[in-house]
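The structure appears below as structure tokens.
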2 protein chains.
Amino acid sequence: MSDEIPIYAELLAAAGRLSGVARITPLLESADLNRHVGGRVLVKAETLQFAGSFKFRGAYNRLSQLDHAQKRRGVVAYSSGNHALAVATAAATLGTSALLVMPRDAPELKVARVRALGGSICFYERERGDREAIAERLAHEHGRILVPPSDDRDVIAGQATVAMEIFEQARDRGLEIDVMLACCSGGGLVAGCALAMAERKPDCQVYAVESAEVDRMRRSLAYGAPVRLKDSGKSLCDALTAAAPGRLPWAICRHRLAGVLAVNDIEVCKGMAAAFRDLKLVVEPSGAAALGAALARQLDLRGKTIAVICSGANVDHSTYLAGLVQGSRVYPDANAMPQV
Amino acid sequence: MSDEIPIYAELLAAAGRLSGVARITPLLESADLNRHVGGRVLVKAETLQFAGSFKFRGAYNRLSQLDHAQKRRGVVAYSSGNHALAVATAAATLGTSALLVMPRDAPELKVARVRALGGSICFYERERGDREAIAERLAHEHGRILVPPSDDRDVIAGQATVAMEIFEQARDRGLEIDVMLACCSGGGLVAGCALAMAERKPDCQVYAVESAEVDRMRRSLAYGAPVRLKDSGKSLCDALTAAAPGRLPWAICRHRLAGVLAVNDIEVCKGMAAAFRDLKLVVEPSGAAALGAALARQLDLRGKTIAVICSGANVDHSTYLAGLVQGSRVYPDANAMPQV
């Protein structure tokens, strides 16, 4: 890790490391979804990635570069969800050990899965503990490498491979991406995608998608400097809760994003329902934010080719069902709609 | 179409026709699912195929061989669901017209979708009408080619490409398939898969999976001749309702199947819940029957490599939610289970 923005060669190197390891997830299209949006919507199903989200890419790219001594000591990461599962999976794949700093109220299923992958857990109290500080202390005490969820050049380079794959899969079909929508918490995914597209198709407009209740990137861009949210609202998007953009993602996003789209919970549920009905994909609320944004008509997408990243699917069935019921109410049959 | 069992060259020709047209659907694996079954479970996600099921393969393989005059007159097919959508999709792709014989109480969504694809519909009354006879009459009157859902050598050859893809995707990972599980209604899919595996890996055991309530293939094999069910029970599997095996599928299956597995509705729901939690796939009840069978411990699958076809995902959200709630109750967290 260093403090620099990754250069394009590092993105290519990440793609090389992930080749034959990460899944090449499908880029799906649906006539009904296209009709809803009025353009060609290409949905990248990172829900089918190992550990259930794009996070595996960054985690594996980082962990695969540990030297022998570092591997022996292992890594530490803080996360209540997808990043924890991804780091534990990458560690198990690479034969190193992972210590995860997780909130004491983390879902039992996720705790059990991390343990099944051989990961150790250090619990903290969500209200009082500062998970970053705890992870840093543990890294220092045990000589473990800290793997941040987004503020790391190798993590960002790994996430960038999502956009590189999209570019290639679209090109194979004779398509060029005009607009790309990626969800944003700390910003590692959208920053990586923006870097990749700047090289592959510089006029592609890359947008970050946030929950309107926790819109750290939108406010940061408006303010011109990273903003740390104090009083965030509640949102279904439990994986998009970073209070501030990561330092490196911010350094990238401030120059490279076309903008930020903020979606409310209903729009998120609409994305979940569209993924269910038109794509047959299980998508968690946070993972459906970008698709929700594509359907929310905040941008004029008519006639465009839009890449939408469905980023994760780690959701319990009751949360999923609630979202789907809600979303199905507001996602009409495309064939019953006036043509856009 | 002719009355003969397709030879291997026809399966290869079907694969050639479908290349670059049908989706190469992912072959997914999950550590949790493997732990449940005690072997390596490779799940073929035909839920992500065009029109939401494997049926597109057979329909396209048949329709792409129409000559100019036949294309001008179009095709006719009977189906309340996946085959209708597949034929309508293939017809739209190939620029011919499709007339679908559907029950008057077919789900509105499916009716709307068929129409959006440019398909015409001839409704019949489920209680009184004989859909096969209606379709044959329409074919005769309008000079349309009848495309049966399973009893057709080109349809079977098309469905066989599912198994051929599985074989190749497994081989690329250094794996050989010991057991293959495919759902069975008329039997086109499982017959095609059995033919493909007979050539590619003759010692692979191919099983048909049926609803225990509508077990036409199991009874036919036991009886030694095709049995037509009179008083079928009710089952969640609304796409596995053929009263008898198709003639050609029967001619293939009677010699080539390792056996039949019959699952009840709870086992089907368990398959849906497993697909949701461990694979992030939306699967309709019928489409989850094979996965349910893999989890039902009717066979000793320990230490084996098992290909399971998740065959379709055309389901409304309320049916899906009901199945998922039911299935989640009986699908325990793999990490909390004793090792098998």
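Each chain in the structure tokens gets a letter, A, B and so on, in the order shown; residues start at 1 in every chain, and ligands are counted from 1 in the order they appear.
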Quick check for you: according to DSSP on this backbone, which residues of region 158-261 of chain B are classed as strand (DSSP E or B)? Reply as a PyMOL selection string. chain B and resi 179-183+205-211+259-261
With chain A as the partner and 6 Å as the cut-off, tabulate the residues of chain B that qualify, each row holding the nearest pair of atoms and their distance in Å to one decimal, using only C-alpha atoms, sorted by chain and rising number, as a tab-separated table.
residue	atom	partner	partner_atom	distance
B:Lys280	CA	A:Val282	CA	5.0
B:Leu281	CA	A:Leu281	CA	5.4
B:Val282	CA	A:Lys280	CA	5.0
Selection from above, all heavy atoms, as an mmCIF file, in the first residue's frame, can you write it?
data_model
loop_
_atom_site.group_PDB
_atom_site.id
_atom_site.type_symbol
_atom_site.label_atom_id
_atom_site.label_comp_id
_atom_site.auth_asym_id
_atom_site.auth_seq_id
_atom_site.Cartn_x
_atom_site.Cartn_y
_atom_site.Cartn_z
ATOM 1 N N LYS B 280 -27.194 -16.857 -4.682
ATOM 2 C CA LYS B 280 -27.725 -15.533 -5.036
ATOM 3 C C LYS B 280 -28.545 -15.578 -6.321
ATOM 4 O O LYS B 280 -28.586 -14.618 -7.086
ATOM 5 C CB LYS B 280 -26.600 -14.499 -5.180
ATOM 6 C CG LYS B 280 -25.479 -14.598 -4.167
ATOM 7 C CD LYS B 280 -25.978 -14.494 -2.734
ATOM 8 C CE LYS B 280 -24.798 -14.463 -1.762
ATOM 9 N NZ LYS B 280 -25.283 -14.539 -0.362
ATOM 10 N N LEU B 281 -29.155 -16.711 -6.560
ATOM 11 C CA LEU B 281 -29.971 -16.885 -7.761
ATOM 12 C C LEU B 281 -31.445 -16.936 -7.407
ATOM 13 O O LEU B 281 -31.841 -17.641 -6.478
ATOM 14 C CB LEU B 281 -29.621 -18.205 -8.463
ATOM 15 C CG LEU B 281 -28.234 -18.355 -9.067
ATOM 16 C CD1 LEU B 281 -28.076 -19.767 -9.634
ATOM 17 C CD2 LEU B 281 -27.974 -17.315 -10.148
ATOM 18 N N VAL B 282 -32.246 -16.212 -8.185
ATOM 19 C CA VAL B 282 -33.694 -16.388 -8.128
ATOM 20 C C VAL B 282 -34.022 -17.643 -8.940
ATOM 21 O O VAL B 282 -33.636 -17.742 -10.105
ATOM 22 C CB VAL B 282 -34.421 -15.172 -8.743
ATOM 23 C CG1 VAL B 282 -35.921 -15.436 -8.800
ATOM 24 C CG2 VAL B 282 -34.106 -13.908 -7.965
#
Distance table requested - region 211-280 of chain A against region 188-207 of chain A, cut-off 12 Å, only C-alpha atoms: one row per qualifying residue with the closest atom pair and its distance in Å to one decimal, ordered by chain and rising residue number, as a tab-separated table.
residue	atom	partner	partner_atom	distance
A:Met217	CA	A:Tyr207	CA	10.6
A:Arg218	CA	A:Tyr207	CA	10.4
A:Leu240	CA	A:Gly188	CA	11.5
A:Ala242	CA	A:Gly188	CA	11.2
A:Ala244	CA	A:Gly188	CA	12.0
A:Pro245	CA	A:Gly188	CA	8.8
A:Gly246	CA	A:Gly188	CA	7.5
A:Arg247	CA	A:Gly188	CA	9.9
A:Leu248	CA	A:Gly188	CA	8.2
A:Pro249	CA	A:Ala191	CA	5.2
A:Trp250	CA	A:Ala191	CA	7.8
A:Ala251	CA	A:Ala191	CA	8.8
A:Ile252	CA	A:Ala191	CA	5.8
A:Cys253	CA	A:Ala191	CA	5.6
A:Arg254	CA	A:Ala191	CA	9.4
A:His255	CA	A:Ala194	CA	9.5
A:Arg256	CA	A:Ala194	CA	6.1
A:Leu257	CA	A:Val206	CA	5.4
A:Ala258	CA	A:Gln205	CA	5.2
A:Gly259	CA	A:Tyr207	CA	5.1
A:Val260	CA	A:Tyr207	CA	5.4
A:Leu261	CA	A:Tyr207	CA	6.8
A:Ala262	CA	A:Tyr207	CA	10.1
Could you give me, as JSON, numbers by chain, the residues within 8 Å of region 225-237 of chain B, counting only C-alpha atoms and dropping anything in the same chain fewer than 2 positions from it? {"B": [211, 213, 214, 216, 217, 219, 220, 221, 223, 239, 240, 241, 243, 244, 245, 250, 264, 265, 268, 285, 286, 289]}
Between CA of Tyr8 (chain A) and CA of Val179 (chain A), what is the distance in Å, rounded to a tenth?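 Between CA of Tyr8 (chain A) and CA of Val179 (chain A) the gap works out to 20.2 Å.
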Show which residues sit within 12 Å of Ser97 (chain B), as a short mmCIF file (atom, residue, chain, number, x, y, z; two decimals) with C-alpha atoms, in the first residue's frame. Count only C-alpha atoms, and ignore same-chain residues fewer than 3 positions away.
data_model
loop_
_atom_site.label_atom_id
_atom_site.label_comp_id
_atom_site.auth_asym_id
_atom_site.auth_seq_id
_atom_site.Cartn_x
_atom_site.Cartn_y
_atom_site.Cartn_z
CA LEU B 63 -36.58 -22.30 -35.27
CA LEU B 66 -36.81 -23.20 -40.71
CA GLN B 70 -41.61 -21.81 -43.17
CA LYS B 71 -40.32 -18.65 -41.57
CA ARG B 72 -42.87 -16.62 -43.47
CA ARG B 73 -45.69 -18.79 -42.11
CA GLY B 74 -44.29 -18.95 -38.59
CA VAL B 75 -44.59 -21.43 -35.74
CA VAL B 76 -47.10 -22.53 -33.16
CA ALA B 77 -46.45 -23.88 -29.68
CA VAL B 87 -40.46 -19.76 -28.56
CA ALA B 88 -41.64 -16.14 -28.65
CA THR B 89 -38.10 -14.95 -27.91
CA ALA B 90 -36.51 -17.22 -30.53
CA ALA B 91 -39.13 -16.17 -33.10
CA ALA B 92 -38.47 -12.48 -32.41
CA THR B 93 -34.71 -13.10 -32.70
CA LEU B 94 -35.08 -14.91 -36.01
CA LEU B 100 -48.85 -19.54 -28.61
CA VAL B 114 -45.35 -12.95 -25.03
CA ARG B 115 -47.25 -10.07 -26.64
CA LEU B 117 -42.18 -10.11 -27.99
CA GLY B 118 -44.62 -9.92 -30.89
CA GLY B 119 -46.23 -13.30 -30.20
CA SER B 120 -49.91 -13.96 -30.89
CA ILE B 121 -51.94 -15.91 -28.37
CA HIS B 142 -52.18 -21.89 -40.97
CA ARG B 144 -47.31 -23.10 -39.16
CA ILE B 145 -44.63 -25.45 -37.88
#
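Closest to Ala98 (chain B) among B:Ala69, B:Leu295, B:Ala139, B:Cys269 is B:Ala139, based on only C-alpha atoms.
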Need the shell around Glu10 (chain B): protein/DNA/RNA residues with any atom at most 9 Å away, counting only C-alpha atoms. Skip same-chain ones fewer than 5 positions apart. Format as an mmCIF file with C-alpha atoms, in the first residue's frame?
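Generated file (part.cif):
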data_model
loop_
_atom_site.group_PDB
_atom_site.id
_atom_site.type_symbol
_atom_site.label_atom_id
_atom_site.label_comp_id
_atom_site.auth_asym_id
_atom_site.auth_seq_id
_atom_site.Cartn_x
_atom_site.Cartn_y
_atom_site.Cartn_z
ATOM 1 C CA ALA B 15 -24.098 -26.038 -30.001
ATOM 2 C CA ARG B 153 -35.202 -34.125 -31.912
ATOM 3 C CA ASP B 154 -34.043 -30.531 -32.537
ATOM 4 C CA ALA B 157 -30.500 -31.466 -29.231
ATOM 5 C CA GLY B 158 -30.783 -27.833 -28.152
#
Write out as a PDB file with N, CA, C and O atoms, in the first residue's frame the residues lying within 8 Å of Val155 (chain B), counting only C-alpha atoms and excluding same-chain residues fewer than 3 positions away.
ATOM      1  N   ARG B  57     -32.836 -22.657 -25.586  1.00  0.00           N
ATOM      2  CA  ARG B  57     -31.870 -23.419 -26.399  1.00  0.00           C
ATOM      3  C   ARG B  57     -32.576 -24.309 -27.425  1.00  0.00           C
ATOM      4  O   ARG B  57     -32.247 -24.300 -28.611  1.00  0.00           O
ATOM      5  N   GLY B  58     -33.528 -25.091 -26.951  1.00  0.00           N
ATOM      6  CA  GLY B  58     -34.238 -25.983 -27.855  1.00  0.00           C
ATOM      7  C   GLY B  58     -35.079 -25.231 -28.872  1.00  0.00           C
ATOM      8  O   GLY B  58     -35.117 -25.576 -30.060  1.00  0.00           O
ATOM      9  N   ALA B  59     -35.752 -24.180 -28.392  1.00  0.00           N
ATOM     10  CA  ALA B  59     -36.621 -23.410 -29.289  1.00  0.00           C
ATOM     11  C   ALA B  59     -35.793 -22.770 -30.392  1.00  0.00           C
ATOM     12  O   ALA B  59     -36.150 -22.841 -31.580  1.00  0.00           O
ATOM     13  N   ASN B  61     -32.816 -23.652 -31.467  1.00  0.00           N
ATOM     14  CA  ASN B  61     -32.236 -24.671 -32.356  1.00  0.00           C
ATOM     15  C   ASN B  61     -33.255 -25.140 -33.388  1.00  0.00           C
ATOM     16  O   ASN B  61     -32.932 -25.365 -34.551  1.00  0.00           O
ATOM     17  N   ARG B  62     -34.496 -25.270 -32.973  1.00  0.00           N
ATOM     18  CA  ARG B  62     -35.539 -25.681 -33.909  1.00  0.00           C
ATOM     19  C   ARG B  62     -35.860 -24.573 -34.908  1.00  0.00           C
ATOM     20  O   ARG B  62     -35.868 -24.789 -36.119  1.00  0.00           O
ATOM     21  N   PRO B 148     -42.975 -28.642 -30.443  1.00  0.00           N
ATOM     22  CA  PRO B 148     -43.376 -29.245 -29.170  1.00  0.00           C
ATOM     23  C   PRO B 148     -42.376 -28.890 -28.076  1.00  0.00           C
ATOM     24  O   PRO B 148     -41.208 -28.620 -28.376  1.00  0.00           O
ATOM     25  N   PRO B 149     -42.809 -28.914 -26.825  1.00  0.00           N
ATOM     26  CA  PRO B 149     -41.902 -28.535 -25.740  1.00  0.00           C
ATOM     27  C   PRO B 149     -40.784 -29.554 -25.490  1.00  0.00           C
ATOM     28  O   PRO B 149     -39.724 -29.176 -24.998  1.00  0.00           O
ATOM     29  N   SER B 150     -41.018 -30.827 -25.850  1.00  0.00           N
ATOM     30  CA  SER B 150     -39.942 -31.793 -25.573  1.00  0.00           C
ATOM     31  C   SER B 150     -39.849 -32.898 -26.618  1.00  0.00           C
ATOM     32  O   SER B 150     -38.761 -33.412 -26.858  1.00  0.00           O
ATOM     33  N   ASP B 151     -40.932 -33.246 -27.249  1.00  0.00           N
ATOM     34  CA  ASP B 151     -40.918 -34.410 -28.134  1.00  0.00           C
ATOM     35  C   ASP B 151     -40.482 -34.018 -29.547  1.00  0.00           C
ATOM     36  O   ASP B 151     -41.275 -34.082 -30.502  1.00  0.00           O
ATOM     37  N   ASP B 152     -39.222 -33.616 -29.672  1.00  0.00           N
ATOM     38  CA  ASP B 152     -38.722 -33.122 -30.952  1.00  0.00           C
ATOM     39  C   ASP B 152     -37.205 -33.269 -30.934  1.00  0.00           C
ATOM     40  O   ASP B 152     -36.548 -32.837 -29.979  1.00  0.00           O
ATOM     41  N   GLY B 158     -31.051 -29.152 -28.734  1.00  0.00           N
ATOM     42  CA  GLY B 158     -30.783 -27.833 -28.152  1.00  0.00           C
ATOM     43  C   GLY B 158     -30.618 -27.900 -26.647  1.00  0.00           C
ATOM     44  O   GLY B 158     -29.669 -27.343 -26.089  1.00  0.00           O
ATOM     45  N   GLN B 159     -31.503 -28.620 -25.988  1.00  0.00           N
ATOM     46  CA  GLN B 159     -31.404 -28.726 -24.513  1.00  0.00           C
ATOM     47  C   GLN B 159     -30.122 -29.457 -24.110  1.00  0.00           C
ATOM     48  O   GLN B 159     -29.554 -29.193 -23.040  1.00  0.00           O
ATOM     49  N   GLY B 188     -37.507 -33.432 -22.178  1.00  0.00           N
ATOM     50  CA  GLY B 188     -36.567 -32.973 -23.203  1.00  0.00           C
ATOM     51  C   GLY B 188     -35.200 -32.610 -22.651  1.00  0.00           C
ATOM     52  O   GLY B 188     -34.174 -32.953 -23.243  1.00  0.00           O
TER      53      GLY B 188
END
Residues of region 15-231 of chain B in helix (DSSP H, G or I) according to DSSP, as a PyMOL selection string? chain B and resi 15-18+31-37+46-48+50-52+55-63+68-73+82-94+108-116+131-142+153-172+188-200+216-223
Compile the contact shell of Ala182 (chain B) as a ChimeraX atom specification: residues with an atom at most 6 Å away, counting only C-alpha atoms, same-chain residues fewer than 4 positions apart removed. /B:190,208-209,290,309
Got time to write the residues from that selection, N, CA and C atoms, as a PDB file, in the first residue's frame?
ATOM      1  N   VAL B 190     -33.706 -33.559 -19.695  1.00  0.00           N
ATOM      2  CA  VAL B 190     -32.928 -34.669 -19.120  1.00  0.00           C
ATOM      3  C   VAL B 190     -32.524 -35.663 -20.208  1.00  0.00           C
ATOM      4  N   ALA B 208     -33.231 -37.953 -13.635  1.00  0.00           N
ATOM      5  CA  ALA B 208     -34.361 -37.040 -13.813  1.00  0.00           C
ATOM      6  C   ALA B 208     -34.910 -36.693 -12.431  1.00  0.00           C
ATOM      7  N   VAL B 209     -35.289 -35.442 -12.248  1.00  0.00           N
ATOM      8  CA  VAL B 209     -35.900 -35.030 -10.986  1.00  0.00           C
ATOM      9  C   VAL B 209     -37.328 -34.574 -11.268  1.00  0.00           C
ATOM     10  N   ALA B 290     -34.182 -29.834  -8.931  1.00  0.00           N
ATOM     11  CA  ALA B 290     -32.949 -30.623  -8.967  1.00  0.00           C
ATOM     12  C   ALA B 290     -32.045 -30.276  -7.788  1.00  0.00           C
ATOM     13  N   ILE B 309     -28.754 -28.678 -12.453  1.00  0.00           N
ATOM     14  CA  ILE B 309     -29.270 -27.644 -13.348  1.00  0.00           C
ATOM     15  C   ILE B 309     -30.390 -26.876 -12.657  1.00  0.00           C
TER      16      ILE B 309
END
Separation of CA of Ala13 (chain A) from CA of Gly187 (chain A) in Å: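 So the two atoms, CA of Gly187 (chain A) and CA of Ala13 (chain A), lie 20.7 Å apart.
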For a quick check of understanding, using only C-alpha atoms, which of B:Phe167, B:Asp178, B:Leu27, B:Pro103 has the smallest distance to Gly303 (chain B)?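 Of the candidates, the smallest distance to Gly303 (chain B) is held by B:Asp178.
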How far is it from CA of Ala14 (chain A) to CA of Gly81 (chain A), in Å with one decimal?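 We find that CA of Ala14 (chain A) and CA of Gly81 (chain A) lie 22.9 Å from each other.
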